[in-house]
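One structure below.
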Amino acid sequence: MAYKIGLVGKPSVGKSTFFNSATMNDVPEGAYPFTTIDPTVGEAYVRVECAAPEFDETCTPDTGYCADGTRYVPVKLVDVAGLIPGAHEGNGLGNQFLTDLNEADVLIHVVDFSGQTDAEGEPTEGHDPRDDIDFLEEELDQWYLEILEKGIERYRSGYHGTEKDIEIELAEQMSAFKTNKDELKRFIRRVGVGFDPDEWDESDRLDLAREIRKETKPIVIAGNKLDTPEGQANYAEITDDPEYDHLPIVPASAHAEKALKNAAEAGVVDYDPGDNDFEITGDVSDGQREGLEQIESFVTEYDGTGVQQALETALFDTLGVMAIFPGGAESMGDEQGRVMRDCFLLPEGATTEEFAHHLHSDIGEGLLHGIDCRSKRQLGGDRTLHHRDVVELVSTN
Ligand SMILES: Nc1nc2c(ncn2[C@@H]2O[C@H](COP(=O)(O)OP(=O)(O)O)[C@@H](O)[C@H]2O)c(=O)[nH]1
Ligand SMILES: [Mg+2]
């Protein structure tokens, strides 16, 4: 099951540009792990330093691809259109919007940092991007609050005829958010409101809703349109504003990423997505050269176009996901001589046993132990794995 990253934002901030550039990749045919007819769902990649060279091997990926020692590992990217101001008070958030949101593990909120689109996405000047950042958080928090209140109602009315602890009732009500009673217990403790919902006033309920939302639907900001002077000024100001310390803000130009991907496809530049440099390798007009030079100064200053960086911040920094390579302690190749066909993305803190179950329940059931292919040491089933570990699983199945 691939991780799902949701792209959200009001109209005209650059969601489609971001989505198209992130999913437009020169991938070997047949390498897609899933096909889709839904144009708003696509395959993007996160970069992981390939482990094969450490073993003097060249990898042969089945999913994603490898370029110059960097693995590009697939994730699902969803363009969640439909965020408009006031939706919540009016007709509520759209159904498709909520379904898409529910399925996303993490959100990238694309914000127009140039301030040249108003709250409705119409052209303007001097719009404060902070209003958009606040708007989405408030909107999501309100949505969570509604669901939380339903859970409290159910608890009060003794639904199912049994008395239940509040965290159990809330876990049931919020199951779509991939949380559970133990987590909810932790959130309630952290907010410090106690375990009797009759004691929760309005602001307690909102604080709790907000905490659950932050944990189950974390947000990364893509500060887009940073190729404009206004965008750069806003970026400097907002990253300096302590009110926004709680959010990772990635400087981005979806435009630049799209232009580089187009140029790479046309064979005039050599560019690996995410790099902070590229080379002009083909014939370009003076105008094109000038455009590429502008992009070059941007990617040098901001360490890339920000599209890859936003995806990786969301997956690795915010969710804490780790990449695990399958290997062999004796030899890296499998029966067909293929090396590191996969690079698996697992949740933070996953153990050898969880990795085995992720591959196949049979392998998990029959697991004897793992082997760390670098040190050749045995890994017990309950051992926590780390990002970029290379692991052989020894199983009776
Ligand atoms: N300057 C600049 N303009 C951008 C950037 N990304 C998108 N745009 C422009 O913003 C407008 C809206 O983009 P689009 O991707 O359709 O936005 P969406 O409505 O959020 O999907 C288009 O005119 C894009 O060319 C960017 O990084 N820099
Ligand atoms: Mg769009």
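We label chains A, B, ... in the order they appear in the structure tokens, count residues from 1 in each chain, and number ligands from 1 in the order shown.
For ligand 1, the neighbouring polymer residues at 7 Å or closer are A:Gly9, A:Lys10, A:Pro11, A:Ser12, A:Val13, A:Gly14, A:Lys15, A:Ser16, A:Thr17, A:Phe18, A:Asn224, A:Lys225, A:Leu226, A:Asp227, A:Thr228, A:Ala252, A:Ser253, A:Ala254, A:His255, A:Ala256, only C-alpha atoms and all ligand atoms being used.
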Considering only C-alpha atoms, return as a ChimeraX atom specification whatever protein or nucleic-acid residues lie within 6 Å of range 259-276 of chain A, sequence-local ones (same chain, fewer than 4 positions apart) excluded.
/A:280-282,299-300,303-304,308
Please save all heavy atoms of the selected residues as a PDB file, in the first residue's frame.
```pdb
ATOM      1  N   ILE A 280      22.630  22.486 -19.218  1.00  0.00           N
ATOM      2  CA  ILE A 280      22.004  22.644 -20.529  1.00  0.00           C
ATOM      3  C   ILE A 280      22.802  21.805 -21.521  1.00  0.00           C
ATOM      4  O   ILE A 280      24.011  21.991 -21.674  1.00  0.00           O
ATOM      5  CB  ILE A 280      21.974  24.126 -20.959  1.00  0.00           C
ATOM      6  CG1 ILE A 280      21.187  24.951 -19.926  1.00  0.00           C
ATOM      7  CG2 ILE A 280      21.346  24.270 -22.353  1.00  0.00           C
ATOM      8  CD1 ILE A 280      21.129  26.443 -20.209  1.00  0.00           C
ATOM      9  N   THR A 281      22.146  20.834 -22.126  1.00  0.00           N
ATOM     10  CA  THR A 281      22.865  19.887 -22.979  1.00  0.00           C
ATOM     11  C   THR A 281      22.463  19.976 -24.452  1.00  0.00           C
ATOM     12  O   THR A 281      23.074  19.345 -25.296  1.00  0.00           O
ATOM     13  CB  THR A 281      22.603  18.438 -22.503  1.00  0.00           C
ATOM     14  OG1 THR A 281      21.186  18.261 -22.419  1.00  0.00           O
ATOM     15  CG2 THR A 281      23.233  18.172 -21.153  1.00  0.00           C
ATOM     16  N   GLY A 282      21.419  20.739 -24.732  1.00  0.00           N
ATOM     17  CA  GLY A 282      20.940  20.817 -26.114  1.00  0.00           C
ATOM     18  C   GLY A 282      20.926  22.246 -26.627  1.00  0.00           C
ATOM     19  O   GLY A 282      21.344  23.183 -25.942  1.00  0.00           O
ATOM     20  N   VAL A 299      17.103  27.746  -8.160  1.00  0.00           N
ATOM     21  CA  VAL A 299      17.382  26.450  -7.520  1.00  0.00           C
ATOM     22  C   VAL A 299      18.681  26.479  -6.719  1.00  0.00           C
ATOM     23  O   VAL A 299      18.835  25.747  -5.745  1.00  0.00           O
ATOM     24  CB  VAL A 299      17.382  25.254  -8.516  1.00  0.00           C
ATOM     25  CG1 VAL A 299      16.010  25.072  -9.140  1.00  0.00           C
ATOM     26  CG2 VAL A 299      18.451  25.380  -9.583  1.00  0.00           C
ATOM     27  N   THR A 300      19.597  27.355  -7.113  1.00  0.00           N
ATOM     28  CA  THR A 300      20.824  27.492  -6.333  1.00  0.00           C
ATOM     29  C   THR A 300      20.502  28.139  -4.992  1.00  0.00           C
ATOM     30  O   THR A 300      20.893  27.653  -3.937  1.00  0.00           O
ATOM     31  CB  THR A 300      21.850  28.372  -7.091  1.00  0.00           C
ATOM     32  OG1 THR A 300      22.004  27.844  -8.403  1.00  0.00           O
ATOM     33  CG2 THR A 300      23.185  28.377  -6.381  1.00  0.00           C
ATOM     34  N   ASP A 303      17.915  25.784  -2.989  1.00  0.00           N
ATOM     35  CA  ASP A 303      18.290  24.375  -2.914  1.00  0.00           C
ATOM     36  C   ASP A 303      17.272  23.456  -3.604  1.00  0.00           C
ATOM     37  O   ASP A 303      16.810  22.467  -3.035  1.00  0.00           O
ATOM     38  CB  ASP A 303      18.475  23.965  -1.438  1.00  0.00           C
ATOM     39  CG  ASP A 303      19.343  22.711  -1.325  1.00  0.00           C
ATOM     40  OD1 ASP A 303      20.130  22.447  -2.241  1.00  0.00           O
ATOM     41  OD2 ASP A 303      19.226  22.001  -0.301  1.00  0.00           O
ATOM     42  N   GLY A 304      16.935  23.814  -4.830  1.00  0.00           N
ATOM     43  CA  GLY A 304      15.989  23.011  -5.615  1.00  0.00           C
ATOM     44  C   GLY A 304      14.719  23.794  -5.887  1.00  0.00           C
ATOM     45  O   GLY A 304      14.542  24.904  -5.376  1.00  0.00           O
ATOM     46  N   GLN A 308      10.181  18.331  -5.062  1.00  0.00           N
ATOM     47  CA  GLN A 308      10.680  17.115  -4.397  1.00  0.00           C
ATOM     48  C   GLN A 308      10.812  17.341  -2.895  1.00  0.00           C
ATOM     49  O   GLN A 308      10.467  16.487  -2.082  1.00  0.00           O
ATOM     50  CB  GLN A 308      12.053  16.727  -4.954  1.00  0.00           C
ATOM     51  CG  GLN A 308      12.022  15.901  -6.212  1.00  0.00           C
ATOM     52  CD  GLN A 308      11.170  14.661  -6.074  1.00  0.00           C
ATOM     53  OE1 GLN A 308      10.325  14.414  -6.915  1.00  0.00           O
ATOM     54  NE2 GLN A 308      11.350  13.896  -5.020  1.00  0.00           N
TER      55      GLN A 308
END
```
Have a look at A:Ala51, A:Gln96, A:Gly306, A:Val46 and name the one nearest to Asp389 in chain A; count only C-alpha atoms.
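Of A:Ala51, A:Gln96, A:Gly306, A:Val46, the one nearest Asp389 in chain A is A:Ala51, counting only C-alpha atoms.
If you look at CA of Gln336 in chain A and CA of Cys50 in chain A, they are 20.1 Å away from each other.
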What's around Ala310 in chain A at 12 Å? Count only C-alpha atoms, leave out sequence neighbours fewer than 6 positions away in its own chain, and write the answer as a VMD selection string.
chain A and resid 5 to 7 18 to 19 22 44 to 47 77 106 to 110 219 to 224 248 to 254 274 303 to 304 316 to 318
Gap from CA of Tyr72 in chain A to CA of Thr23 in chain A - Å, one decimal:
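Pair CA of Tyr72 in chain A / CA of Thr23 in chain A returns 11.8 Å.
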Residues near Val193 in chain A, anyone? I mean within 10 Å using only C-alpha atoms, not counting same-chain ones fewer than 4 positions away, as a PyMOL selection string.
chain A and resi 187-189+197+199-201+204-205+207-208
Selected residues written out, N, CA and C atoms, as a PDB file, in the first residue's frame:
```pdb
ATOM      1  N   PHE A 187      -3.492  11.822  23.265  1.00  0.00           N
ATOM      2  CA  PHE A 187      -3.862  13.186  22.841  1.00  0.00           C
ATOM      3  C   PHE A 187      -4.639  13.882  23.961  1.00  0.00           C
ATOM      4  N   ILE A 188      -5.582  13.143  24.586  1.00  0.00           N
ATOM      5  CA  ILE A 188      -6.390  13.740  25.650  1.00  0.00           C
ATOM      6  C   ILE A 188      -5.484  14.160  26.812  1.00  0.00           C
ATOM      7  N   ARG A 189      -4.534  13.286  27.147  1.00  0.00           N
ATOM      8  CA  ARG A 189      -3.571  13.610  28.220  1.00  0.00           C
ATOM      9  C   ARG A 189      -2.776  14.857  27.870  1.00  0.00           C
ATOM     10  N   PRO A 197     -15.850  13.866  29.502  1.00  0.00           N
ATOM     11  CA  PRO A 197     -16.264  14.852  28.486  1.00  0.00           C
ATOM     12  C   PRO A 197     -17.300  15.846  29.007  1.00  0.00           C
ATOM     13  N   GLU A 199     -16.970  17.526  31.481  1.00  0.00           N
ATOM     14  CA  GLU A 199     -16.168  18.632  32.024  1.00  0.00           C
ATOM     15  C   GLU A 199     -15.539  19.485  30.917  1.00  0.00           C
ATOM     16  N   TRP A 200     -15.669  19.051  29.660  1.00  0.00           N
ATOM     17  CA  TRP A 200     -15.021  19.781  28.562  1.00  0.00           C
ATOM     18  C   TRP A 200     -15.882  20.951  28.115  1.00  0.00           C
ATOM     19  N   ASP A 201     -15.330  22.145  28.166  1.00  0.00           N
ATOM     20  CA  ASP A 201     -16.082  23.281  27.607  1.00  0.00           C
ATOM     21  C   ASP A 201     -15.709  23.426  26.130  1.00  0.00           C
ATOM     22  N   ASP A 204     -12.050  23.559  25.304  1.00  0.00           N
ATOM     23  CA  ASP A 204     -11.396  22.261  25.516  1.00  0.00           C
ATOM     24  C   ASP A 204     -11.635  21.348  24.316  1.00  0.00           C
ATOM     25  N   ARG A 205     -12.886  21.341  23.855  1.00  0.00           N
ATOM     26  CA  ARG A 205     -13.233  20.459  22.729  1.00  0.00           C
ATOM     27  C   ARG A 205     -12.476  20.873  21.467  1.00  0.00           C
ATOM     28  N   ASP A 207      -9.596  22.516  21.406  1.00  0.00           N
ATOM     29  CA  ASP A 207      -8.177  22.187  21.609  1.00  0.00           C
ATOM     30  C   ASP A 207      -7.919  20.708  21.305  1.00  0.00           C
ATOM     31  N   LEU A 208      -8.831  19.867  21.765  1.00  0.00           N
ATOM     32  CA  LEU A 208      -8.661  18.433  21.540  1.00  0.00           C
ATOM     33  C   LEU A 208      -8.808  18.090  20.054  1.00  0.00           C
TER      34      LEU A 208
END
```
